[in-house]
Protein chains: 4
Amino acid sequence: MKKFDCFSPTDFRYSVEELKDYLTEDAFIKYKTIVEVALIRKLAEYGICPKDIIDEVEKASEKIYTKEVYQKEEELKHDIRALVEIIKSKVSPKAKLYIHLTATSYDIINIANILRYKNAFYDIILPDMVKLERSLIEMARNEKNTLQMGRTHGQHAEPLTFGFFIAQYVNRWGNMILKVKNAINNLVGKFSGSIGAYNALSLFLDNPEKFEYDLLKSLGLKSSKISTQILPPEPLINLIHTVVLGWGVLANYADDMRNLQRTEIGEVYESFDVKQIGSSTMPQKRNPINFENIKSSWKKFMPTMITLYLNQIIEHQGDLTNSLSSRYLPELFVIFDSSVKRAINVTKNLQINRDKMKKNFVQSADKIIAEPLQILLSQSGYSNAYEKVRELTIVSNQESKSLIKLIFEDKTIKPYLKKFNENHIKLILHPENYIGIAPKKTAEICDLWERLIINIEDDVSE
Amino acid sequence: MKKFDCFSPTDFRYSVEELKDYLTEDAFIKYKTIVEVALIRKLAEYGICPKDIIDEVEKASEKIYTKEVYQKEEELKHDIRALVEIIKSKVSPKAKLYIHLTATSYDIINIANILRYKNAFYDIILPDMVKLERSLIEMARNEKNTLQMGRTHGQHAEPLTFGFFIAQYVNRWGNMILKVKNAINNLVGKFSGSIGAYNALSLFLDNPEKFEYDLLKSLGLKSSKISTQILPPEPLINLIHTVVLGWGVLANYADDMRNLQRTEIGEVYESFDVKQIGSSTMPQKRNPINFENIKSSWKKFMPTMITLYLNQIIEHQGDLTNSLSSRYLPELFVIFDSSVKRAINVTKNLQINRDKMKKNFVQSADKIIAEPLQILLSQSGYSNAYEKVRELTIVSNQESKSLIKLIFEDKTIKPYLKKFNENHIKLILHPENYIGIAPKKTAEICDLWERLIINIEDDVSE
Amino acid sequence: MKKFDCFSPTDFRYSVEELKDYLTEDAFIKYKTIVEVALIRKLAEYGICPKDIIDEVEKASEKIYTKEVYQKEEELKHDIRALVEIIKSKVSPKAKLYIHLTATSYDIINIANILRYKNAFYDIILPDMVKLERSLIEMARNEKNTLQMGRTHGQHAEPLTFGFFIAQYVNRWGNMILKVKNAINNLVGKFSGSIGAYNALSLFLDNPEKFEYDLLKSLGLKSSKISTQILPPEPLINLIHTVVLGWGVLANYADDMRNLQRTEIGEVYESFDVKQIGSSTMPQKRNPINFENIKSSWKKFMPTMITLYLNQIIEHQGDLTNSLSSRYLPELFVIFDSSVKRAINVTKNLQINRDKMKKNFVQSADKIIAEPLQILLSQSGYSNAYEKVRELTIVSNQESKSLIKLIFEDKTIKPYLKKFNENHIKLILHPENYIGIAPKKTAEICDLWERLIINIEDDVSE
Amino acid sequence: MKKFDCFSPTDFRYSVEELKDYLTEDAFIKYKTIVEVALIRKLAEYGICPKDIIDEVEKASEKIYTKEVYQKEEELKHDIRALVEIIKSKVSPKAKLYIHLTATSYDIINIANILRYKNAFYDIILPDMVKLERSLIEMARNEKNTLQMGRTHGQHAEPLTFGFFIAQYVNRWGNMILKVKNAINNLVGKFSGSIGAYNALSLFLDNPEKFEYDLLKSLGLKSSKISTQILPPEPLINLIHTVVLGWGVLANYADDMRNLQRTEIGEVYESFDVKQIGSSTMPQKRNPINFENIKSSWKKFMPTMITLYLNQIIEHQGDLTNSLSSRYLPELFVIFDSSVKRAINVTKNLQINRDKMKKNFVQSADKIIAEPLQILLSQSGYSNAYEKVRELTIVSNQESKSLIKLIFEDKTIKPYLKKFNENHIKLILHPENYIGIAPKKTAEICDLWERLIINIEDDVSE
């Protein structure tokens with residue numbers, strides 16, 4: 001097969017090389033084989049099979065080719081049985097007897113999946129998430145004093161700093177890292193047989209739960225409190241939920257940056273290669289293609305949660321109506337990671353136009369004092385301050401007069417202005433100072449998350 | 001790249017060979033090139049470029065390799081501009097001047113997509129849908145007299161025939177074929193330039209709408225009434241909706257058959273290969289894996305409609321937040337077709353256990369006369385017939401007595417039974433006849449849809 | 001119950017008075033009673049019950065109170081049986097015998113629902129949709145020559161007119177009206193009994209399909225080709241799909257207008273009452289609250305389609321897993337209509353700032369000639385025109401020089417400019433003319449849809 | 001307004017009286033007023049307003065009527081400003097000055113919502129969830145030794161006990177209780193003003209974060225690490241996700257019970273009132289209407305998660321596109337609680353038919369020994385035991401012979417059977433013993449969750 005002979009853009013367009021060791025079909029077969037070998041080892045340890053076959057099974061396991069497993073599956077119409085037969089074909093008659101003994105297919109599949117997902121997250125995806133957090137922290141710190149107009153409903157509201165704006169994402173994304181890590185750690189395995197009551201293992205053992213515990217522990221995993229043929233579906237759904245939720249934070253960030261990049265606003269710009277083409281026909285265009293791509297990937301994969309909620313409903317002790325749908329999960333992880341990598345790159349190279357931020361602020365500087373003014377007037381005893389200021393705002397708009405001027409000219413207001421302290425007067429005259437504690441809060445949040453992700457990184461590198 | 005080095009199961013597991021000519025990335029590049037060539041031809045026809053370059057552009061277009069286009073895109077970060085540059089690199093300086101002239105990227109992309117989708121449906125997917133309809137019709141006809149217990153709420157209700165059961169699917173699936181075909185025919189193209197006002201074409205032509213009409217006509221397509229940079233999104237969303245709706249009919253059929261295959265019910269069975277394995281540990285198992293796969297494919301792809309509804313919202317004259325998400329549509333078509341093919345196969349080979357159907361009917365035969373009885377009693381003048389029969393049903397259950405017996409013994413009922421005509425008495429004694437017009441209706445529906453799909457097939461083969 | 005003692009905002013906040021006759025629970029009971037009466041009439045006509053009871057049943061039907069039906073349901077735990085008992089309690093012993101005779105609950109429910117949905121759409125919702133179309137047409141016509149900058153990716157692209165912008169919505173919304181009407185017309189009824197084989201009716205009639213046809217015709221409806229206990233679910237799902245799709249057009253329109261209302265862009269404004277408050281603390285704010293509300297209503301109701309696709313899967317001849325979920329459909333219709341009404345109001349009163357549109361255009365006027373220029377240069381024989389113009393654009397940006405100036409100064413370009421005809425030169429110097437056929441196309445589209453909706457209105461008023 | 005004059009079934013059909021104090025519009029106004037009063041108290045404490053107004057504001061707050069707030073909103077088109085004006089209208093001129101001072105609307109709204117949600121869960125919904133857990137534990141314990149056939153793919157697999165079946169739900173539902181409680185505890189408030197930088201509070205205070213902390217603490221809440229005009233949306237989305245996930249467990253339970261209630265399976269039955277009607281026309285029907293209702297409620301509300309994921313995207317420092325959509329959340333909580341209450345009731349009264357469970361097991365008892373047999377044969381040294389047993393199973397089916405008999409007759413197997421120990425032979429002869437550790441595991445899980453929910457209850461009653 002050639003790359004461009006593929007149907008899925010995951011493979012011909014958005015692939016992530018580093019994830020191939022975990023999330024391709026080759027990787028899946030590799031992980032399933034690891035579990036079958038771990039099983040043999042544990043069976044031997046428990047005296048159910050002879051110890052001297054471990055080595056040959058282990059060796060055989062290194063020469064399993066996905067292609068031959070698939071050929072065998074053609075014939076048997078059963079994927080795990082095919083793998084079992086291929087392993088058997090490579091060991092002695094004696095060893096053959098014990099391959100897959102006491103296991104049901106899903107015992108192997110679930111452990112293999114959880115193991116590879118966990119490794120993919122710990123080795124690649126979580127470290128990428130942390131890198132993005134570092135980039136956001138760096139940007140927030142650099143811009144913590146950069147004046148920007150705050151906007152609600154798309155309308156100029158009150159001022160803040162661009163660093164403070166970004167600090168929101170430092171906080172939301174940081175939380176997502178913690179949640180994803182937590183969800184990964186909550187994935188558990190099972191080795192309880194075809195309907196979950198350890199029927200097969202009980203043939204040989206009084207305490208089959210201990211065997212399950214030991215087998216999973218040898219692979220670095222924990223066991224489910226109880227299971228049927230399959231695991232309770234909720235822990236995996238929680239993982240996907242947290243990934244989708246993290247994706248939503250990326251999508252929100254992408255939209256915010258796209259809005260700031262509108263020609264009329266022009267406060268940030270994606271960096272642009274010298275050779276890069278913006279439009280096939282309009283040579284002047286500079287489009288936010290990376291942020292658009294991130295938004296698009298969210299549109300594509302967010303609805304997967306519906307599939308996951310549907311996967312929650314499985315009949316009695318198990319069925320296969322989740323089989324095909326679950327095989328597509330690796331794709332979701334790959335594109336999520338691809339979007340995170342893209343976000344890192346575009347964040348690191350984001351061009352920030354502080355002059356334009358200043359200019360945009362100035363456009364409404366006169367109006368934004370309406371809020372502090374009505375508050376200060378009220379607090380100074382002026383009745384209906386909100387209404388009064390609102391009226392002056394309307395006059396200011398209709399007659400194109402400065403609101404500040406109108407205020408200082410207003411006779412009913414004058415006596416109250418005298419009650420204002422120096423700082424308050426200064427604020428009214430210099431509305432660019434009405435930024436609350438934006439710089440301080442930005443620094444606090446950056447400090448906090450820097451501390452929190454150091455621990456994550458320790459963990460991840462364990 | 002090797003097959004099992006893929007992330008997407010569409011490519012390593014569920015691929016449909018026949019659709020590769022339409023829906024892979026190679027096919028997409030091929031179709032986009034076709035559109036660029038058609039454009040040159042039309043520009044020449046309208047005197048905007050010289051006619052003598054048509055041949056060389058056409059020849060060059062046959063030697064475009066996806067790989068080189070992707071390499072160029074690496075550099076330019078723009079997919080269509082990359083294709084344009086590759087075509088240019090293969091023609092004379094004179095011809096270079098006119099490649100892509102007056103087009104915007106999306107003009108090319110939209111036409112290429114609609115063209116290949118249309119062909120994929122007309123050549124492969126619609127004919128497969130028709131094949132499934134034929135299989136269903138055949139089964140319905142064969143079983144039109146096969147007595148089966150009707151079930152509502154999972155409870156035995158009144159009898160019908162298995163053919164009548166299947167006739168519902170003949171009707172629903174037939175409707176889906178008509179709707180899909182209709183949705184495909186409603187796909188239109190556009191060639192109105194970068195913001196939809198024909199700005200570029202207007203440089204040369206007074207009537208650019210005619211040019212658009214002619215260009216699309218030369219490719220067998222119609223043009224949109226109006227467009228921006230992109231097409232109104234609704235026609236494509238309608239197509240996906242009809243596909244998803246058809247998929248829902250398949251999923252419902254799969255669930256119905258899975259339920260009939262429960263061990264205790266056992267009325268139908270998926271055929272099973274001699275070598276086929278049902279379970280990796282339980283050699284006795286015969287699982288409905290094909291119907292489970294169909295249900296699972298629906299779980300996976302149905303939620304795509306959310307992505308499509310999100311794709312409806314595009315800012316002003318266009319943006320790229322639908323780009324990645326739209327590249328995944330071919331995958332949906334491939335797996336839909338794969339599910340249809342699977343449904344054909346499993347339907348053709350379905351094992352129907354008429355004895356078990358009969359046995360299951362007999363289990364409740366005594367009870368089902370409750371309905372006709374209360375109706376006939378009412379109509380004969382018996383007050384509160386419903387309540388009376390309901391009470392006898394309870395007695396029949398509690399005392400494990402035959403309901404029919406209880407009825408014939410009941411003194412209040414006796415006088416009214418005398419008013420029943422012969423047919424009604426026969427029905428009460430032989431509840432297997434209480435099947436309404438099931439066989440006749442089955443035949444009617446099969447006749448109707450046989451007629452309707454003959455026309456479809458004529459169309460499809462056009 | 002008091003209004004604000006409700007949980008659902010549909011009832012305490014977003015209610016539409018005009019729809020109460022169709023979509024409340026009172027209305028539902030009323031419609032179900034209409035169907036029971038129509039059934040009596042038809043039974044009499046077919047000689048299954050005496051004709052002289054029609055009058056008393058009809059009179060009784062006018063005095064049915066929802067409250068008493070609900071009280072009876074408490075006892076029987078069955079909604080239709082409760083209604084039947086209440087009707088019976090109000091007629092003579094003779095008439096009692098025939099109430100609901102041969103019907104299954106869902107026969108009544110489905111007909112009642114389809115009848116009231118159809119009436120609600122024909123009487124209220126479709127006329128509202130047409131009103132919005134008229135408002136859009138009016139705005140498009142008024143602004144067909146108003147110069148506006150076209151935007152793709154949020155970036156200035158090429159110019160068009162504001163009327164042309166709106167004409168896209170005239171076209172998309174017009175299509176939605178047609179589709180909704182079509183979907184309403186495709187709703188059909190059924191009267192085929194408890195499992196769809198006309199088991200009960202067949203007790204009395206050889207041709208029960210004719211009875212079904214006549215009964216439905218007497219209510220202005222058509223019958224389904226075949227049914228189980230319930231109707232094929234697809235026609236109703238199609239209706240909701242078209243409503244949701246129409247809602248998506250509204251949401252897109254709302255987003256576009258919200259973007260144009262951003263402080264920096266300021267091309268349109270929602271009108272604002274004198275007393276209206278924009279923010280509880282910022283008296284200067286003027287927020288696009290109506291467009292935000294429309295977007296929000298789409299977010300809330302669009303995902304309902306998932307419920308509908310789930311409703312497609314019903315076991316065998318019927319179950320009740322769609323019962324609760326279907327009872328919420330009226331709510332969706334109410335809020336859709338409420339959003340349409342809101343859109344009409346905000347469109348009619350939209351404030352358009354043509355000066356700001358002009359100013360925004362001027363900001364990039366110099367750059368937008370890049371497109372026509374590269375096309376004209378190519379067509380005049382200049383090699384690599386796209387690349388050349390792209391370079392000049394970069395110079396223009398970096399050195400803050402006029403692109404037009406740079407072009408006229410460039411020595412390699414000069415000889416080609418001489419080949420340009422007068423119109424082309426004029427266009428380069430007056431980029432505000434580079435609007436293609438925007439005004440003409442706007443007029444065409446308005447004419448077309450004005451014609452098409454006249455027919456709709458004829459229909460609606462039938 | 002009358003009850004049946006409502007559009008939403010939440011209000012006329014599925015209402016939960018106990019939740020009215022938290023989740024109606026009246027309750028919302030009440031909670032918002034509580035927050036405004038708490039603010040006054042805190043402003044006084046911090047010396048921003050005089051202390052002597054607290055009492056009168058508090059008194060006024062008890063006489064706020066939703067109706068008058070709505071009338072004021074008509075005029076002002078702003079809900080919070082309307083409430084503020086109504087409070088002001090009931091206090092002295094002096095107190096008027098300080099109402100809502102330094103607050104932005106959403107400060108009030110978010111705190112009010114979180115407070116009432118928290119109370120609704122702690123007072124009503126979590127205790128109901130715990131009650132259901134107790135019912136499940138009770139059933140699991142009672143049936144821990146009740147033999148039942150395990151089923152995978154709808155096919156008989158290996159035996160377990162009905163208590164073990166239920167223990168899976170004890171575990172999954174128990175987990176959901178913990179998760180919901182956790183999600184509730186993670187809800188935080190904010191009081192950081194109109195764009196989140198504490199601009200207004202900073203007019204008076206150096207440490208506005210402390211004010212926010214104290215205000216929220218006085219209401220029993222915590223504050224967000226950082227916020228814009230609005231809170232980071234993720235904690236609320238997590239709550240809805242856990243509710244939806246819990247609903248999925250209910251839906252799965254409902255489906256499992258519905259399947260066990262199929263006429264042919266008949267292992268459990270919903271209890272049925274003496275007067276209850278199963279079908280309006282079939283007096284013999286006993287339908288699982290409560291489990292159907294639960295499934296239907298899940299179909300209706302599960303897709304709400306899409307709305308929540310869409311709500312994650314808010315522009316810059318806030319907009320109102322989540323306003324309408326968020327007002328529908330109480331409805332989701334009400335119907336969830338209603339489904340939990342229904343599940344409690346149906347579980348407590350579930351009729352379990354142990355005889356039918358036994359009979360169903362016996363139907364396949366002969367076949368299920370295939371699994372232990374192939375395992376024991378392998379472990380005893382028999383080559384290809386799986387294949388051998390599989391063949392005998394086919395013979396057994398085709399020739400309708402007992403599989404056990406065939407095994408004991410088979411010459412190749414005989415020598416290996418001798419190696420079996422006594423227990424293994426017994427198991428083959430008495431397959432009803434092949435239930436693994438089902439009873440023991442059931443007891444373990446019940447013990448565990450009984451322990452875990454005692455703590456929850458302590459918490460809840462705090």
# chains A, B, ... in the order shown; residues from 1 in each chain; ligands from 1
>>> closest_atom_pairs(of="chain A", to="chain C", cutoff="9 Å", atoms="only C-alpha atoms", output="CSV")
residue,atom,partner,partner_atom,distance
A:Arg151,CA,C:Thr263,CA,9.0
A:Thr152,CA,C:Asn287,CA,8.3
A:His153,CA,C:Asn287,CA,5.8
A:Gly154,CA,C:Arg262,CA,4.8
A:Gln155,CA,C:Thr263,CA,5.1
A:His156,CA,C:Thr263,CA,6.2
A:Ala157,CA,C:Lys285,CA,7.1
A:Glu158,CA,C:Met282,CA,8.4
A:Arg258,CA,C:Gly154,CA,7.4
A:Asn259,CA,C:Gly154,CA,7.4
A:Gln261,CA,C:Gly154,CA,7.3
A:Arg262,CA,C:Gly154,CA,4.8
A:Thr263,CA,C:Gln155,CA,5.1
A:Glu264,CA,C:Glu264,CA,6.0
A:Ile265,CA,C:Glu264,CA,6.2
A:Ile277,CA,C:Arg390,CA,8.7
A:Ser280,CA,C:Tyr386,CA,8.7
A:Thr281,CA,C:Glu371,CA,5.9
A:Met282,CA,C:Glu371,CA,4.7
A:Pro283,CA,C:Arg390,CA,4.8
A:Gln284,CA,C:Thr393,CA,5.8
A:Lys285,CA,C:Gln155,CA,7.1
A:Arg286,CA,C:Gln155,CA,7.4
A:Asn287,CA,C:His153,CA,5.8
A:Pro288,CA,C:His153,CA,6.8
A:Ile289,CA,C:His153,CA,8.1
A:Glu292,CA,C:His153,CA,8.2
A:Ile306,CA,C:Ile306,CA,8.3
A:Asn360,CA,C:Glu264,CA,7.4
A:Gln363,CA,C:Glu264,CA,8.5
A:Ser364,CA,C:Thr263,CA,8.8
A:Lys367,CA,C:Gln284,CA,6.5
A:Ile368,CA,C:Gln284,CA,7.3
A:Ile369,CA,C:Met282,CA,8.7
A:Ala370,CA,C:Pro283,CA,6.2
A:Glu371,CA,C:Met282,CA,4.8
A:Pro372,CA,C:Met282,CA,8.5
A:Gln374,CA,C:Thr281,CA,8.1
A:Ile375,CA,C:Thr281,CA,8.2
A:Tyr386,CA,C:Pro283,CA,6.7
A:Glu387,CA,C:Pro283,CA,7.8
A:Val389,CA,C:Pro283,CA,6.7
A:Arg390,CA,C:Pro283,CA,4.8
A:Glu391,CA,C:Pro283,CA,8.4
A:Thr393,CA,C:Gln284,CA,5.8
A:Ile394,CA,C:Gln284,CA,7.7
>>> residues_around(residues="His424 of chain C", least_positions_apart="6", cutoff="10 Å", atoms="only C-alpha atoms", output="list in words")
Leu203 and Phe204 of chain B; Pro372, Leu373, Leu376, Leu417, His430 and Tyr434 of chain C
>>> residues_around(residues="segment 438-441 of chain D", least_positions_apart="4", cutoff="12 Å", atoms="only C-alpha atoms", output="PyMOL selection string")
(chain A and resi 192-193+195-199+202+206-209+225-228) or (chain D and resi 140-148+150+158-168+170-171+432-434+445-448)
>>> select_by_dssp(residues="segment 269-434 of chain B", states="alpha helix (DSSP H)", output="PyMOL selection string")
chain B and resi 289-301+304-311+323-327+329-348+354-368+370-379+385-398+403-409+414-417+422-429
>>> atom_distance(atom1="atom CA of Glu133 of chain D", atom2="atom CA of Asn322 of chain A")
26.8 Å
>>> atom_distance(atom1="atom CA of Ile137 of chain C", atom2="atom CA of Val243 of chain C")
20.7 Å
>>> residues_around(residues="Ser61 of chain B", least_positions_apart="4", cutoff="8 Å", atoms="only C-alpha atoms", output="list in words")
Thr33, Ile34, Val37, Val57 and Ile87 of chain B
>>> residues_around(residues="segment 18-32 of chain B", least_positions_apart="6", cutoff="8 Å", atoms="only C-alpha atoms", output="PyMOL selection string")
(chain A and resi 4-9+12) or (chain B and resi 64-66+108-109+111-113+115-117+119-120+124+330-331+334)
>>> write_last_selection(atoms="N, CA and C atoms", output="PDB file, in the first residue's frame")
ATOM      1  N   PHE A   4      -0.599   7.518  -0.374  1.00  0.00           N
ATOM      2  CA  PHE A   4      -1.704   8.319  -0.901  1.00  0.00           C
ATOM      3  C   PHE A   4      -2.830   7.452  -1.464  1.00  0.00           C
ATOM      4  N   ASP A   5      -2.640   6.143  -1.253  1.00  0.00           N
ATOM      5  CA  ASP A   5      -3.687   5.207  -1.609  1.00  0.00           C
ATOM      6  C   ASP A   5      -4.584   4.956  -0.377  1.00  0.00           C
ATOM      7  N   CYS A   6      -4.432   5.791   0.597  1.00  0.00           N
ATOM      8  CA  CYS A   6      -5.237   5.685   1.829  1.00  0.00           C
ATOM      9  C   CYS A   6      -6.500   6.525   1.726  1.00  0.00           C
ATOM     10  N   PHE A   7      -7.520   6.097   2.473  1.00  0.00           N
ATOM     11  CA  PHE A   7      -8.742   6.891   2.581  1.00  0.00           C
ATOM     12  C   PHE A   7      -8.659   7.899   3.737  1.00  0.00           C
ATOM     13  N   SER A   8      -7.965   7.500   4.797  1.00  0.00           N
ATOM     14  CA  SER A   8      -8.002   8.354   5.990  1.00  0.00           C
ATOM     15  C   SER A   8      -6.889   9.388   5.993  1.00  0.00           C
ATOM     16  N   PRO A   9      -7.236  10.662   6.116  1.00  0.00           N
ATOM     17  CA  PRO A   9      -6.218  11.710   6.173  1.00  0.00           C
ATOM     18  C   PRO A   9      -5.290  11.565   7.379  1.00  0.00           C
ATOM     19  N   PHE A  12      -2.431   9.809   5.568  1.00  0.00           N
ATOM     20  CA  PHE A  12      -1.661  10.438   4.487  1.00  0.00           C
ATOM     21  C   PHE A  12      -1.330  11.904   4.758  1.00  0.00           C
TER      22      PHE A  12
ATOM     23  N   ILE B  64       0.784  13.668 -13.216  1.00  0.00           N
ATOM     24  CA  ILE B  64       0.882  14.355 -11.925  1.00  0.00           C
ATOM     25  C   ILE B  64       0.936  13.304 -10.814  1.00  0.00           C
ATOM     26  N   TYR B  65       1.945  13.372  -9.971  1.00  0.00           N
ATOM     27  CA  TYR B  65       2.028  12.419  -8.871  1.00  0.00           C
ATOM     28  C   TYR B  65       1.737  13.096  -7.543  1.00  0.00           C
ATOM     29  N   THR B  66       0.874  12.459  -6.778  1.00  0.00           N
ATOM     30  CA  THR B  66       0.481  13.014  -5.479  1.00  0.00           C
ATOM     31  C   THR B  66       1.704  13.370  -4.641  1.00  0.00           C
ATOM     32  N   ILE B 108     -11.844  24.875  -7.397  1.00  0.00           N
ATOM     33  CA  ILE B 108     -11.326  23.582  -7.865  1.00  0.00           C
ATOM     34  C   ILE B 108     -11.722  22.459  -6.903  1.00  0.00           C
ATOM     35  N   ILE B 109     -11.488  22.706  -5.610  1.00  0.00           N
ATOM     36  CA  ILE B 109     -11.725  21.670  -4.596  1.00  0.00           C
ATOM     37  C   ILE B 109     -13.187  21.232  -4.581  1.00  0.00           C
ATOM     38  N   ILE B 111     -15.530  21.422  -6.866  1.00  0.00           N
ATOM     39  CA  ILE B 111     -15.972  20.682  -8.055  1.00  0.00           C
ATOM     40  C   ILE B 111     -15.390  19.270  -8.028  1.00  0.00           C
ATOM     41  N   ALA B 112     -14.104  19.172  -7.686  1.00  0.00           N
ATOM     42  CA  ALA B 112     -13.459  17.852  -7.639  1.00  0.00           C
ATOM     43  C   ALA B 112     -14.170  16.939  -6.650  1.00  0.00           C
ATOM     44  N   ASN B 113     -14.493  17.468  -5.493  1.00  0.00           N
ATOM     45  CA  ASN B 113     -15.157  16.638  -4.483  1.00  0.00           C
ATOM     46  C   ASN B 113     -16.531  16.175  -4.926  1.00  0.00           C
ATOM     47  N   LEU B 115     -17.717  15.905  -7.871  1.00  0.00           N
ATOM     48  CA  LEU B 115     -17.595  14.995  -8.996  1.00  0.00           C
ATOM     49  C   LEU B 115     -17.250  13.587  -8.521  1.00  0.00           C
ATOM     50  N   ARG B 116     -16.267  13.471  -7.627  1.00  0.00           N
ATOM     51  CA  ARG B 116     -15.866  12.122  -7.206  1.00  0.00           C
ATOM     52  C   ARG B 116     -16.904  11.492  -6.287  1.00  0.00           C
ATOM     53  N   TYR B 117     -17.549  12.295  -5.453  1.00  0.00           N
ATOM     54  CA  TYR B 117     -18.612  11.726  -4.608  1.00  0.00           C
ATOM     55  C   TYR B 117     -19.728  11.177  -5.505  1.00  0.00           C
ATOM     56  N   ASN B 119     -19.631  10.215  -8.598  1.00  0.00           N
ATOM     57  CA  ASN B 119     -19.222   8.991  -9.279  1.00  0.00           C
ATOM     58  C   ASN B 119     -19.169   7.797  -8.333  1.00  0.00           C
ATOM     59  N   ALA B 120     -18.639   8.010  -7.141  1.00  0.00           N
ATOM     60  CA  ALA B 120     -18.552   6.903  -6.178  1.00  0.00           C
ATOM     61  C   ALA B 120     -19.942   6.360  -5.852  1.00  0.00           C
ATOM     62  N   ILE B 124     -20.715   2.739  -7.430  1.00  0.00           N
ATOM     63  CA  ILE B 124     -20.496   1.680  -6.430  1.00  0.00           C
ATOM     64  C   ILE B 124     -21.571   1.658  -5.335  1.00  0.00           C
ATOM     65  N   PRO B 330     -14.679  11.051   3.016  1.00  0.00           N
ATOM     66  CA  PRO B 330     -14.551   9.807   2.248  1.00  0.00           C
ATOM     67  C   PRO B 330     -14.577   8.565   3.142  1.00  0.00           C
ATOM     68  N   GLU B 331     -13.939   8.646   4.297  1.00  0.00           N
ATOM     69  CA  GLU B 331     -13.928   7.531   5.239  1.00  0.00           C
ATOM     70  C   GLU B 331     -15.353   7.087   5.598  1.00  0.00           C
ATOM     71  N   VAL B 334     -16.809   5.161   2.713  1.00  0.00           N
ATOM     72  CA  VAL B 334     -16.198   3.832   2.582  1.00  0.00           C
ATOM     73  C   VAL B 334     -16.811   2.864   3.592  1.00  0.00           C
TER      74      VAL B 334
END
>>> select_by_dssp(residues="segment 168-377 of chain A", states="strand (DSSP E or B)", output="compact mmCIF listing (two decimals) with N, CA and C atoms, in the first residue's frame")
# COMPACT_ATOMS: atom_id res chain seq x y z
N GLY A 189 -7.17 -2.75 34.22
CA GLY A 189 -7.30 -3.92 33.36
C GLY A 189 -8.18 -4.99 34.00
N SER A 223 -6.05 -3.66 38.60
CA SER A 223 -7.21 -4.42 38.11
C SER A 223 -8.52 -3.75 38.52
N VAL A 268 -2.74 40.21 16.89
CA VAL A 268 -1.74 39.12 16.80
C VAL A 268 -1.73 38.59 15.37
N TYR A 269 -0.65 37.93 15.01
CA TYR A 269 -0.54 37.28 13.70
C TYR A 269 0.21 35.97 13.82
N GLN A 351 3.15 36.44 16.49
CA GLN A 351 3.58 37.84 16.42
C GLN A 351 2.55 38.71 17.12
N ILE A 352 3.01 39.46 18.09
CA ILE A 352 2.09 40.28 18.89
C ILE A 352 2.30 41.75 18.54
>>> atom_distance(atom1="atom CA of Ile456 of chain C", atom2="atom CA of Asn186 of chain C")
15.6 Å
>>> closest_residue(among="A:Ile407, A:Leu219, A:Ala183, A:Leu136", to="Val346 of chain A", atoms="only C-alpha atoms")
A:Leu136
>>> residues_around(residues="Ala343 of chain B", least_positions_apart="4", cutoff="12 Å", atoms="only C-alpha atoms", output="NGL selection string")
:B and (128-136 or 173 or 247 or 249-254 or 257 or 270 or 288-295 or 297 or 336-339 or 347-350)
